[in-house]
>>> print(open('target17.csv').read())   # CSV, C-alpha atoms (C1' of nucleotides)
chain,number,residue,atom,x,y,z
F,24,MET,CA,14.7,-0.8,-4.8
F,25,LEU,CA,13.2,1.3,-7.6
F,26,GLY,CA,10.8,-1.6,-8.4
F,27,ASP,CA,7.6,0.0,-7.3
F,28,ARG,CA,5.0,2.2,-9.0
F,29,TRP,CA,6.1,5.5,-7.6
F,30,SER,CA,9.8,5.9,-7.0
F,31,LEU,CA,10.8,6.5,-10.6
F,32,LEU,CA,7.9,8.8,-11.2
F,33,ILE,CA,9.0,10.9,-8.2
F,34,ILE,CA,12.5,11.1,-9.6
F,35,ARG,CA,11.2,12.0,-13.0
F,36,ASP,CA,9.2,14.8,-11.5
F,37,MET,CA,12.3,16.1,-9.8
F,38,MET,CA,14.3,15.9,-13.0
F,39,VAL,CA,11.8,17.0,-15.6
F,40,ARG,CA,9.2,19.1,-13.8
F,41,GLY,CA,11.6,20.4,-11.2
F,42,SER,CA,9.4,19.4,-8.3
F,43,ARG,CA,11.1,20.1,-4.9
F,44,THR,CA,8.4,20.0,-2.2
F,45,PHE,CA,5.8,17.6,-0.9
F,46,LYS,CA,3.0,19.6,-2.4
F,47,GLU,CA,4.6,19.8,-5.8
F,48,PHE,CA,4.9,16.1,-5.9
F,49,LEU,CA,1.2,15.7,-5.1
F,50,GLY,CA,0.4,17.9,-8.0
F,51,SER,CA,1.7,15.4,-10.5
F,52,ASP,CA,-0.7,13.8,-12.9
F,53,GLU,CA,-0.6,10.3,-11.5
F,54,GLY,CA,-2.2,11.2,-8.2
F,55,ILE,CA,-0.1,9.6,-5.5
F,56,ALA,CA,-1.6,9.4,-2.0
F,57,THR,CA,0.0,11.4,0.8
F,58,ASN,CA,1.0,8.4,2.9
F,59,MET,CA,2.6,6.7,-0.1
F,60,LEU,CA,4.5,9.9,-1.1
F,61,ALA,CA,5.8,10.3,2.5
F,62,ASP,CA,6.9,6.7,2.5
F,63,ARG,CA,8.6,6.8,-0.9
F,64,LEU,CA,10.4,10.0,-0.1
F,65,ARG,CA,11.6,8.4,3.1
F,66,ARG,CA,12.9,5.4,1.3
F,67,LEU,CA,14.6,7.3,-1.5
F,68,GLU,CA,16.3,9.4,1.1
F,69,ALA,CA,17.3,6.3,3.0
F,70,HIS,CA,18.8,4.9,-0.2
F,71,GLY,CA,20.8,8.1,-0.8
F,72,ILE,CA,18.9,9.0,-4.0
F,73,ILE,CA,17.4,12.2,-2.7
F,74,ALA,CA,18.2,14.5,0.2
F,75,SER,CA,16.0,17.0,2.1
F,76,GLU,CA,16.6,20.2,3.9
F,77,PRO,CA,14.3,22.8,5.5
F,78,ASP,CA,13.4,25.8,3.3
F,79,PRO,CA,15.2,28.8,4.9
F,80,SER,CA,12.4,31.1,3.8
F,81,ASP,CA,9.5,29.0,5.0
F,82,GLY,CA,9.9,26.8,8.1
F,83,ARG,CA,7.0,24.5,7.1
F,84,LYS,CA,8.6,23.4,3.8
F,85,LEU,CA,11.1,20.8,3.1
F,86,ILE,CA,13.1,21.1,-0.1
F,87,TYR,CA,13.9,17.7,-1.6
F,88,SER,CA,16.8,17.4,-4.1
F,89,LEU,CA,18.5,14.7,-6.0
F,90,THR,CA,21.9,13.5,-4.8
F,91,ALA,CA,24.7,12.6,-7.2
F,92,LYS,CA,23.3,9.0,-7.1
F,93,GLY,CA,19.9,10.3,-8.0
F,94,ILE,CA,20.9,12.5,-10.8
F,95,ASP,CA,22.9,9.6,-12.2
F,96,LEU,CA,19.5,8.0,-13.0
F,97,ALA,CA,19.0,10.5,-15.7
F,98,PRO,CA,20.2,8.2,-18.5
F,99,VAL,CA,17.8,5.5,-17.2
F,100,LEU,CA,14.9,7.8,-17.3
F,101,THR,CA,15.9,9.2,-20.6
F,102,GLU,CA,15.9,5.7,-22.2
F,103,MET,CA,12.6,5.0,-20.6
F,104,VAL,CA,11.1,8.1,-22.2
F,105,LEU,CA,12.5,7.2,-25.6
F,106,TRP,CA,11.2,3.7,-25.3
F,107,ALA,CA,7.7,4.9,-24.3
F,108,ALA,CA,7.8,7.3,-27.2
F,109,ARG,CA,8.5,4.6,-29.6
F,110,HIS,CA,6.0,2.1,-28.3
F,111,GLU,CA,3.3,3.8,-26.2
F,112,GLU,CA,1.3,6.9,-26.3
F,113,THR,CA,3.5,9.4,-24.8
F,114,GLY,CA,3.0,12.6,-22.9
F,115,ASN,CA,5.7,15.1,-23.2
F,116,GLN,CA,6.2,15.5,-26.9
F,117,ALA,CA,8.6,18.4,-26.5
F,118,LEU,CA,10.9,16.4,-24.2
F,119,VAL,CA,10.8,13.4,-26.6
F,120,ARG,CA,11.9,15.5,-29.5
F,121,THR,CA,14.7,17.1,-27.5
F,122,LEU,CA,15.9,13.6,-26.5
F,123,GLN,CA,15.7,12.2,-30.0
F,124,THR,CA,17.6,15.2,-31.4
F,125,ASP,CA,20.4,15.1,-28.9
F,126,ARG,CA,20.2,13.0,-25.9
F,127,GLN,CA,23.8,13.5,-24.9
F,128,ARG,CA,23.5,17.2,-24.9
F,129,PHE,CA,20.3,17.0,-22.8
F,130,LEU,CA,22.0,14.8,-20.2
F,131,GLU,CA,24.9,17.2,-20.0
F,132,GLN,CA,22.5,20.1,-19.4
F,133,VAL,CA,20.6,18.2,-16.7
F,134,ARG,CA,23.9,17.6,-14.9
F,135,GLU,CA,25.0,21.2,-15.3
F,136,ARG,CA,21.8,22.5,-13.9
F,137,TRP,CA,22.1,20.0,-11.0
F,138,VAL,CA,25.7,21.1,-10.3
F,139,ALA,CA,24.7,24.7,-10.3
F,140,ALA,CA,21.7,24.1,-8.0
F,141,THR,CA,23.8,21.9,-5.7
F,142,SER,CA,26.8,24.2,-5.4
F,143,HIS,CA,24.8,27.3,-4.4
F,144,ALA,CA,22.7,25.3,-1.9
F,145,LYS,CA,25.8,24.0,-0.1
F,146,PRO,CA,28.6,26.5,-0.7
F,147,GLY,CA,32.0,24.9,0.0
H,658,MET,CA,3.4,-1.0,-16.6
H,659,LEU,CA,7.0,-2.0,-15.7
H,660,GLY,CA,6.6,-0.5,-12.3
H,661,ASP,CA,6.6,-3.6,-10.2
H,662,ARG,CA,9.3,-5.8,-8.6
H,663,TRP,CA,9.4,-8.5,-11.3
H,664,SER,CA,8.8,-7.4,-14.8
H,665,LEU,CA,12.1,-5.8,-15.5
H,666,LEU,CA,13.9,-8.7,-13.8
H,667,ILE,CA,12.2,-11.2,-16.1
H,668,ILE,CA,13.2,-9.1,-19.2
H,669,ARG,CA,16.7,-8.9,-17.9
H,670,ASP,CA,16.8,-12.7,-17.5
H,671,MET,CA,15.7,-13.0,-21.1
H,672,MET,CA,18.3,-10.6,-22.4
H,673,VAL,CA,21.3,-11.4,-20.3
H,674,ARG,CA,20.8,-15.0,-19.2
H,675,GLY,CA,18.9,-16.1,-22.2
H,676,SER,CA,16.0,-17.5,-20.2
H,677,ARG,CA,13.2,-18.8,-22.4
H,678,THR,CA,11.0,-21.1,-20.4
H,679,PHE,CA,9.0,-20.9,-17.2
H,680,LYS,CA,11.5,-23.2,-15.4
H,681,GLU,CA,14.5,-21.1,-16.4
H,682,PHE,CA,12.8,-18.0,-15.0
H,683,LEU,CA,12.2,-19.7,-11.8
H,684,GLY,CA,15.9,-20.6,-11.6
H,685,SER,CA,16.8,-16.9,-11.3
H,686,ASP,CA,18.5,-15.7,-8.2
H,687,GLU,CA,15.7,-13.5,-6.9
H,688,GLY,CA,13.3,-16.4,-6.4
H,689,ILE,CA,10.0,-15.4,-7.9
H,690,ALA,CA,6.9,-17.5,-6.9
H,691,THR,CA,5.2,-19.5,-9.6
H,692,ASN,CA,1.9,-17.6,-9.4
H,693,MET,CA,3.7,-14.3,-9.7
H,694,LEU,CA,5.8,-15.5,-12.6
H,695,ALA,CA,2.7,-16.8,-14.4
H,696,ASP,CA,0.9,-13.5,-13.9
H,697,ARG,CA,3.9,-11.3,-15.0
H,698,LEU,CA,4.4,-13.4,-18.1
H,699,ARG,CA,0.8,-13.0,-18.9
H,700,ARG,CA,0.9,-9.2,-18.5
H,701,LEU,CA,4.1,-8.8,-20.4
H,702,GLU,CA,2.6,-10.8,-23.2
H,703,ALA,CA,-0.6,-8.7,-23.1
H,704,HIS,CA,1.5,-5.6,-23.3
H,705,GLY,CA,3.3,-6.9,-26.4
H,706,ILE,CA,6.7,-7.0,-24.7
H,707,ILE,CA,7.1,-10.8,-24.9
H,708,ALA,CA,5.6,-13.5,-27.0
H,709,SER,CA,5.2,-17.2,-26.4
H,710,GLU,CA,4.9,-20.3,-28.6
H,711,PRO,CA,4.9,-24.0,-27.9
H,712,ASP,CA,8.3,-25.8,-28.1
H,713,PRO,CA,8.1,-28.0,-31.2
H,714,SER,CA,10.3,-30.7,-29.6
H,715,ASP,CA,8.5,-30.8,-26.3
H,716,GLY,CA,4.8,-30.2,-26.0
H,717,ARG,CA,5.0,-29.3,-22.3
H,718,LYS,CA,7.2,-26.4,-22.8
H,719,LEU,CA,6.4,-22.9,-23.9
H,720,ILE,CA,9.2,-20.8,-25.4
H,721,TYR,CA,9.0,-17.2,-24.4
H,722,SER,CA,10.8,-14.6,-26.5
H,723,LEU,CA,11.1,-10.8,-26.6
H,724,THR,CA,9.2,-8.9,-29.2
H,725,ALA,CA,10.7,-5.9,-30.9
H,726,LYS,CA,9.1,-3.7,-28.2
H,727,GLY,CA,10.7,-5.9,-25.6
H,728,ILE,CA,14.2,-5.9,-27.1
H,729,ASP,CA,14.0,-2.1,-27.3
H,730,LEU,CA,14.2,-2.1,-23.6
H,731,ALA,CA,17.8,-3.1,-23.8
H,732,PRO,CA,19.1,0.5,-23.5
H,733,VAL,CA,17.0,1.0,-20.4
H,734,LEU,CA,18.3,-2.2,-18.8
H,735,THR,CA,21.8,-1.2,-19.8
H,736,GLU,CA,21.6,2.1,-18.1
H,737,MET,CA,20.2,0.5,-15.0
H,738,VAL,CA,23.1,-2.0,-14.9
H,739,LEU,CA,25.6,0.9,-15.3
H,740,TRP,CA,23.9,2.9,-12.6
H,741,ALA,CA,23.9,0.0,-10.2
H,742,ALA,CA,27.5,-0.6,-10.9
H,743,ARG,CA,28.4,2.9,-10.0
H,744,HIS,CA,26.3,3.2,-6.9
H,745,GLU,CA,25.5,-0.3,-5.5
H,746,GLU,CA,27.1,-3.6,-5.1
H,747,THR,CA,26.8,-5.2,-8.4
H,748,GLY,CA,26.4,-8.8,-9.5
H,749,ASN,CA,27.6,-9.3,-13.0
H,750,GLN,CA,31.1,-7.8,-13.2
H,751,ALA,CA,31.9,-9.1,-16.6
H,752,LEU,CA,28.7,-7.6,-18.1
H,753,VAL,CA,29.5,-4.3,-16.4
H,754,ARG,CA,32.9,-4.1,-17.9
H,755,THR,CA,31.6,-4.9,-21.3
H,756,LEU,CA,29.0,-2.1,-21.0
H,757,GLN,CA,31.6,0.3,-19.7
H,758,THR,CA,34.0,-0.4,-22.5
H,759,ASP,CA,31.5,-0.2,-25.4
H,760,ARG,CA,27.9,0.1,-24.6
H,761,GLN,CA,26.9,0.9,-28.2
H,762,ARG,CA,28.6,-2.2,-29.5
H,763,PHE,CA,26.9,-4.4,-26.9
H,764,LEU,CA,23.5,-3.0,-27.8
H,765,GLU,CA,24.1,-3.7,-31.4
H,766,GLN,CA,25.1,-7.3,-30.6
H,767,VAL,CA,22.0,-7.8,-28.5
H,768,ARG,CA,19.9,-6.7,-31.4
H,769,GLU,CA,21.7,-8.8,-33.9
H,770,ARG,CA,21.3,-11.9,-31.8
H,771,TRP,CA,17.7,-11.1,-31.4
H,772,VAL,CA,17.2,-10.6,-35.2
H,773,ALA,CA,18.9,-13.9,-35.9
H,774,ALA,CA,16.9,-15.8,-33.3
H,775,THR,CA,13.6,-14.2,-34.5
H,776,SER,CA,14.1,-14.7,-38.2
H,777,HIS,CA,14.8,-18.4,-38.0
H,778,ALA,CA,11.9,-18.8,-35.6
H,779,LYS,CA,9.4,-17.1,-38.0
H,780,PRO,CA,11.0,-17.3,-41.5
H,781,GLY,CA,9.4,-14.7,-43.8
Y,1182,DT,C1',1.5,-49.7,-21.5
Y,1183,DT,C1',1.7,-48.6,-17.2
Y,1184,DA,C1',4.2,-45.9,-13.8
Y,1185,DT,C1',6.9,-42.1,-12.8
Y,1186,DG,C1',8.6,-37.6,-13.8
Y,1187,DT,C1',8.5,-33.0,-15.5
Y,1188,DA,C1',6.8,-28.4,-17.2
Y,1189,DA,C1',3.7,-24.9,-16.7
Y,1190,DC,C1',0.7,-23.5,-14.5
Y,1191,DT,C1',-3.7,-22.8,-10.7
Y,1192,DT,C1',-5.7,-22.5,-6.1
Y,1193,DG,C1',-6.2,-21.2,-1.2
Y,1194,DC,C1',-4.9,-18.5,2.2
Y,1195,DA,C1',-2.1,-15.5,5.2
Y,1196,DA,C1',0.7,-11.4,5.2
Y,1197,DA,C1',2.1,-7.2,3.4
Y,1198,DA,C1',1.5,-3.2,0.5
Y,1199,DT,C1',-1.6,0.2,-1.3
Y,1200,DG,C1',-5.0,3.8,-1.3
Y,1201,DC,C1',-8.6,6.7,0.5
Y,1202,DA,C1',-10.3,9.9,3.9
Y,1203,DA,C1',-9.7,12.2,7.8
Y,1204,DG,C1',-6.8,13.9,11.2
Y,1205,DT,C1',-2.5,16.5,13.5
Y,1206,DG,C1',1.1,19.9,14.6
Y,1207,DA,C1',4.0,23.5,13.4
Y,1208,DA,C1',4.7,27.6,11.0
Y,1209,DA,C1',2.9,31.4,8.0
Y,1210,DA,C1',-0.6,34.8,6.5
Y,1211,DG,C1',-4.3,37.8,7.1
P,716,DC,C1',-5.6,35.8,17.3
P,717,DT,C1',-7.8,33.3,13.7
P,718,DT,C1',-7.4,31.0,9.5
P,719,DT,C1',-4.5,28.7,6.0
P,720,DT,C1',-0.9,26.1,4.4
P,721,DC,C1',2.4,22.5,4.6
P,722,DA,C1',4.2,18.1,5.5
P,723,DC,C1',3.0,14.7,7.1
P,724,DT,C1',0.3,10.5,10.3
P,725,DT,C1',-3.4,7.4,11.4
P,726,DG,C1',-7.2,4.0,10.7
P,727,DC,C1',-9.1,1.1,7.9
P,728,DA,C1',-10.8,-1.3,3.6
P,729,DT,C1',-9.0,-3.2,-0.6
P,730,DT,C1',-5.5,-5.1,-3.5
P,731,DT,C1',-1.3,-7.4,-4.3
P,732,DT,C1',2.1,-10.5,-2.9
P,733,DG,C1',4.1,-14.8,-1.6
P,734,DC,C1',4.1,-19.5,0.1
P,735,DA,C1',2.7,-24.2,-0.2
P,736,DA,C1',0.1,-27.5,-2.2
P,737,DG,C1',-2.4,-29.0,-5.9
P,738,DT,C1',-3.6,-30.0,-11.1
P,739,DT,C1',-3.2,-31.0,-16.1
P,740,DA,C1',-0.9,-32.3,-20.1
P,741,DC,C1',2.9,-34.2,-22.0
P,742,DA,C1',7.4,-37.0,-21.9
P,743,DT,C1',10.3,-40.7,-20.4
P,744,DA,C1',11.7,-45.3,-18.5
P,745,DA,C1',10.6,-49.9,-17.4
>>> encode(input="target17.csv", output="structure tokens")
Amino acid sequence: MLGDRWSLLIIRDMMVRGSRTFKEFLGSDEGIATNMLADRLRRLEAHGIIASEPDPSDGRKLIYSLTAKGIDLAPVLTEMVLWAARHEETGNQALVRTLQTDRQRFLEQVRERWVAATSHAKPG
Amino acid sequence: MLGDRWSLLIIRDMMVRGSRTFKEFLGSDEGIATNMLADRLRRLEAHGIIASEPDPSDGRKLIYSLTAKGIDLAPVLTEMVLWAARHEETGNQALVRTLQTDRQRFLEQVRERWVAATSHAKPG
DNA sequence: TTATGTAACTTGCAAAATGCAAGTGAAAAG
DNA sequence: CTTTTCACTTGCATTTTGCAAGTTACATAA
């Protein structure tokens, strides 16, 4: 269900880079094709990992966000980043150091940010 | 590099079920085809995640084992299992409870078992 | 020591997934 | 009202996957 090249990268972009729209996902380093991106977003939404809603200030845009199920993948992604840092050339040095220093704190912050963003999006 | 359907399942089988040979991998629930399995084992070995050596007591068999890089994926797999347990129907209830109770202890045991197995395989 | 079995693959081929390039339609900007 | 922008879709070539049927080297049983 996450066993393909793109799904976890999309989720990572949402969690780490804060990507929220189709165009922002396209801007990621890996270069996903538009049809693939559309398909993966559809599947992730079907699996309840992300949700989408129209942007109130721009009718063309859709805002994608992580569900609770999606944000719960943070520990998985975190361990992947730490593993890659130990054994592969790694991209985001700043993130790696943050995680190495205090992973638990980082995870709490991710969740807090998510709760804040979620609650003001759907008040009630 | 782990972004395909089979690689992480193979590693999981090695860590959780203790699979060590081609045939044992084939016996897994998911039903991987022999050509796929051969290809994935080759790739994982090329990436330094697993290693293989001939079975001294049976010249037909190859014994696959996790490298240090491979065993370091244990935290990733652990978090995946916990995530799946929270949000999906989950298979190995006993494992899930173990992880929920004391993940850190479990990871230490995995590593100890690996060190023991590795050191008597290559003494020195 | 010959026949049979088994382990770890390989090969051939059809089907599915992927990726590129070029649309499309609706909404926003100029 | 024309041009852009955004989120896609479509068509098609390429690549990956998966099934079934070999193949080769070793092991076991008669």
>>> interface_residues(input="target17.csv", of="chain P", to="chain H", cutoff="8 Å", atoms="all atoms listed in the file", output="PDB file with C-alpha atoms (C1' of nucleotides), in the frame of the given file")
ATOM      1  C1'  DT P 732       2.100 -10.500  -2.900  1.00  0.00           C
ATOM      2  C1'  DG P 733       4.100 -14.800  -1.600  1.00  0.00           C
ATOM      3  C1'  DC P 734       4.100 -19.500   0.100  1.00  0.00           C
ATOM      4  C1'  DA P 740      -0.900 -32.300 -20.100  1.00  0.00           C
ATOM      5  C1'  DC P 741       2.900 -34.200 -22.000  1.00  0.00           C
ATOM      6  C1'  DA P 742       7.400 -37.000 -21.900  1.00  0.00           C
TER       7       DA P 742
END
>>> residues_around(input="target17.csv", residues="DT738 of chain P", least_positions_apart="3", cutoff="12 Å", atoms="only C-alpha atoms (C1' of nucleotides)", output="list in words")
DA1189, DC1190, DT1191 and DT1192 of chain Y
>>> residues_around(input="target17.csv", residues="segment 126-139 of chain F", least_positions_apart="4", cutoff="12 Å", atoms="all atoms listed in the file", output="PyMOL selection string")
chain F and resi 35+37-41+88-102+104-105+118-122+143-146
>>> atom_distance(input="target17.csv", atom1="atom CA of Ala708 of chain H", atom2="atom CA of Met737 of chain H")
23.5 Å
>>> interface_residues(input="target17.csv", of="chain Y", to="chain F", cutoff="9 Å", atoms="all atoms listed in the file", output="number ranges by chain")
Y: 1199-1201, 1207-1209
>>> closest_residue(input="target17.csv", among="F:Asp27, F:Asp62, F:Asp52, F:Asp125", to="chain H", atoms="all atoms listed in the file")
F:Asp27
>>> closest_residue(input="target17.csv", among="H:Pro713, H:His744, H:Thr678, H:Asp670", to="chain F", atoms="all atoms listed in the file")
H:His744
>>> closest_residue(input="target17.csv", among="H:Ile706, H:Leu683, H:Ala774, H:Ala751", to="chain F", atoms="only C-alpha atoms")
H:Ile706
>>> closest_residue(input="target17.csv", among="H:Ser709, H:Ser676, H:Ile668, H:Trp740", to="chain F", atoms="all atoms listed in the file")
H:Trp740
>>> closest_residue(input="target17.csv", among="F:Gly114, F:Pro77, F:Gly50, F:Gly71", to="chain H", atoms="only C-alpha atoms")
F:Gly71
>>> closest_residue(input="target17.csv", among="F:Arg66, F:Asp78, F:Ala108, F:Thr124", to="chain H", atoms="all atoms listed in the file")
F:Ala108
>>> atom_distance(input="target17.csv", atom1="atom CA of Arg28 of chain F", atom2="atom C1' of DC723 of chain P")
20.5 Å
>>> atom_distance(input="target17.csv", atom1="atom CA of Ile73 of chain F", atom2="atom CA of Leu665 of chain H")
22.7 Å
>>> decode(input="target17.csv", residues="segment 105-130 of chain F", atoms="N, CA and C atoms", output="PDB file, in the first residue's frame")
ATOM      1  N   LEU F 105      16.828   8.629   9.512  1.00  0.00           N
ATOM      2  CA  LEU F 105      17.984   8.306  10.348  1.00  0.00           C
ATOM      3  C   LEU F 105      18.784   7.143   9.759  1.00  0.00           C
ATOM      4  N   TRP F 106      18.085   6.176   9.229  1.00  0.00           N
ATOM      5  CA  TRP F 106      18.777   5.045   8.597  1.00  0.00           C
ATOM      6  C   TRP F 106      19.583   5.518   7.397  1.00  0.00           C
ATOM      7  N   ALA F 107      18.947   6.322   6.557  1.00  0.00           N
ATOM      8  CA  ALA F 107      19.647   6.830   5.368  1.00  0.00           C
ATOM      9  C   ALA F 107      20.857   7.657   5.768  1.00  0.00           C
ATOM     10  N   ALA F 108      20.696   8.427   6.827  1.00  0.00           N
ATOM     11  CA  ALA F 108      21.819   9.258   7.277  1.00  0.00           C
ATOM     12  C   ALA F 108      22.998   8.402   7.718  1.00  0.00           C
ATOM     13  N   ARG F 109      22.697   7.254   8.310  1.00  0.00           N
ATOM     14  CA  ARG F 109      23.774   6.391   8.776  1.00  0.00           C
ATOM     15  C   ARG F 109      24.448   5.655   7.633  1.00  0.00           C
ATOM     16  N   HIS F 110      23.682   5.328   6.595  1.00  0.00           N
ATOM     17  CA  HIS F 110      24.212   4.373   5.616  1.00  0.00           C
ATOM     18  C   HIS F 110      24.259   4.873   4.184  1.00  0.00           C
ATOM     19  N   GLU F 111      23.676   6.012   3.911  1.00  0.00           N
ATOM     20  CA  GLU F 111      23.683   6.522   2.551  1.00  0.00           C
ATOM     21  C   GLU F 111      24.096   7.989   2.574  1.00  0.00           C
ATOM     22  N   GLU F 112      24.394   8.493   1.396  1.00  0.00           N
ATOM     23  CA  GLU F 112      24.535   9.938   1.340  1.00  0.00           C
ATOM     24  C   GLU F 112      23.165  10.551   1.593  1.00  0.00           C
ATOM     25  N   THR F 113      23.150  11.570   2.366  1.00  0.00           N
ATOM     26  CA  THR F 113      21.860  12.060   2.822  1.00  0.00           C
ATOM     27  C   THR F 113      21.697  13.523   2.461  1.00  0.00           C
ATOM     28  N   GLY F 114      20.446  13.885   2.220  1.00  0.00           N
ATOM     29  CA  GLY F 114      20.188  15.232   1.754  1.00  0.00           C
ATOM     30  C   GLY F 114      20.125  16.269   2.849  1.00  0.00           C
ATOM     31  N   ASN F 115      19.111  16.154   3.670  1.00  0.00           N
ATOM     32  CA  ASN F 115      18.776  17.233   4.586  1.00  0.00           C
ATOM     33  C   ASN F 115      19.556  17.129   5.903  1.00  0.00           C
ATOM     34  N   GLN F 116      20.766  17.652   5.906  1.00  0.00           N
ATOM     35  CA  GLN F 116      21.629  17.549   7.082  1.00  0.00           C
ATOM     36  C   GLN F 116      21.004  18.180   8.327  1.00  0.00           C
ATOM     37  N   ALA F 117      20.355  19.314   8.141  1.00  0.00           N
ATOM     38  CA  ALA F 117      19.757  20.006   9.283  1.00  0.00           C
ATOM     39  C   ALA F 117      18.707  19.116   9.950  1.00  0.00           C
ATOM     40  N   LEU F 118      17.864  18.512   9.122  1.00  0.00           N
ATOM     41  CA  LEU F 118      16.829  17.628   9.652  1.00  0.00           C
ATOM     42  C   LEU F 118      17.458  16.442  10.382  1.00  0.00           C
ATOM     43  N   VAL F 119      18.471  15.881   9.770  1.00  0.00           N
ATOM     44  CA  VAL F 119      19.128  14.724  10.385  1.00  0.00           C
ATOM     45  C   VAL F 119      19.645  15.079  11.770  1.00  0.00           C
ATOM     46  N   ARG F 120      20.302  16.206  11.877  1.00  0.00           N
ATOM     47  CA  ARG F 120      20.835  16.591  13.192  1.00  0.00           C
ATOM     48  C   ARG F 120      19.724  16.795  14.208  1.00  0.00           C
ATOM     49  N   THR F 121      18.642  17.431  13.749  1.00  0.00           N
ATOM     50  CA  THR F 121      17.497  17.604  14.654  1.00  0.00           C
ATOM     51  C   THR F 121      17.008  16.260  15.168  1.00  0.00           C
ATOM     52  N   LEU F 122      16.880  15.302  14.263  1.00  0.00           N
ATOM     53  CA  LEU F 122      16.361  13.994  14.661  1.00  0.00           C
ATOM     54  C   LEU F 122      17.333  13.263  15.570  1.00  0.00           C
ATOM     55  N   GLN F 123      18.616  13.368  15.243  1.00  0.00           N
ATOM     56  CA  GLN F 123      19.608  12.686  16.077  1.00  0.00           C
ATOM     57  C   GLN F 123      19.642  13.265  17.483  1.00  0.00           C
ATOM     58  N   THR F 124      19.460  14.563  17.556  1.00  0.00           N
ATOM     59  CA  THR F 124      19.522  15.238  18.854  1.00  0.00           C
ATOM     60  C   THR F 124      18.315  14.897  19.720  1.00  0.00           C
ATOM     61  N   ASP F 125      17.131  14.999  19.130  1.00  0.00           N
ATOM     62  CA  ASP F 125      15.942  14.708  19.930  1.00  0.00           C
ATOM     63  C   ASP F 125      14.762  14.346  19.043  1.00  0.00           C
ATOM     64  N   ARG F 126      14.755  13.067  18.713  1.00  0.00           N
ATOM     65  CA  ARG F 126      13.703  12.576  17.830  1.00  0.00           C
ATOM     66  C   ARG F 126      12.320  12.735  18.443  1.00  0.00           C
ATOM     67  N   GLN F 127      12.231  12.411  19.727  1.00  0.00           N
ATOM     68  CA  GLN F 127      10.921  12.436  20.372  1.00  0.00           C
ATOM     69  C   GLN F 127      10.312  13.832  20.340  1.00  0.00           C
ATOM     70  N   ARG F 128      11.163  14.807  20.650  1.00  0.00           N
ATOM     71  CA  ARG F 128      10.718  16.199  20.633  1.00  0.00           C
ATOM     72  C   ARG F 128      10.261  16.613  19.233  1.00  0.00           C
ATOM     73  N   PHE F 129      11.036  16.194  18.246  1.00  0.00           N
ATOM     74  CA  PHE F 129      10.668  16.506  16.874  1.00  0.00           C
ATOM     75  C   PHE F 129       9.288  15.935  16.525  1.00  0.00           C
ATOM     76  N   LEU F 130       9.069  14.694  16.896  1.00  0.00           N
ATOM     77  CA  LEU F 130       7.790  14.052  16.583  1.00  0.00           C
ATOM     78  C   LEU F 130       6.628  14.762  17.273  1.00  0.00           C
TER      79      LEU F 130
END
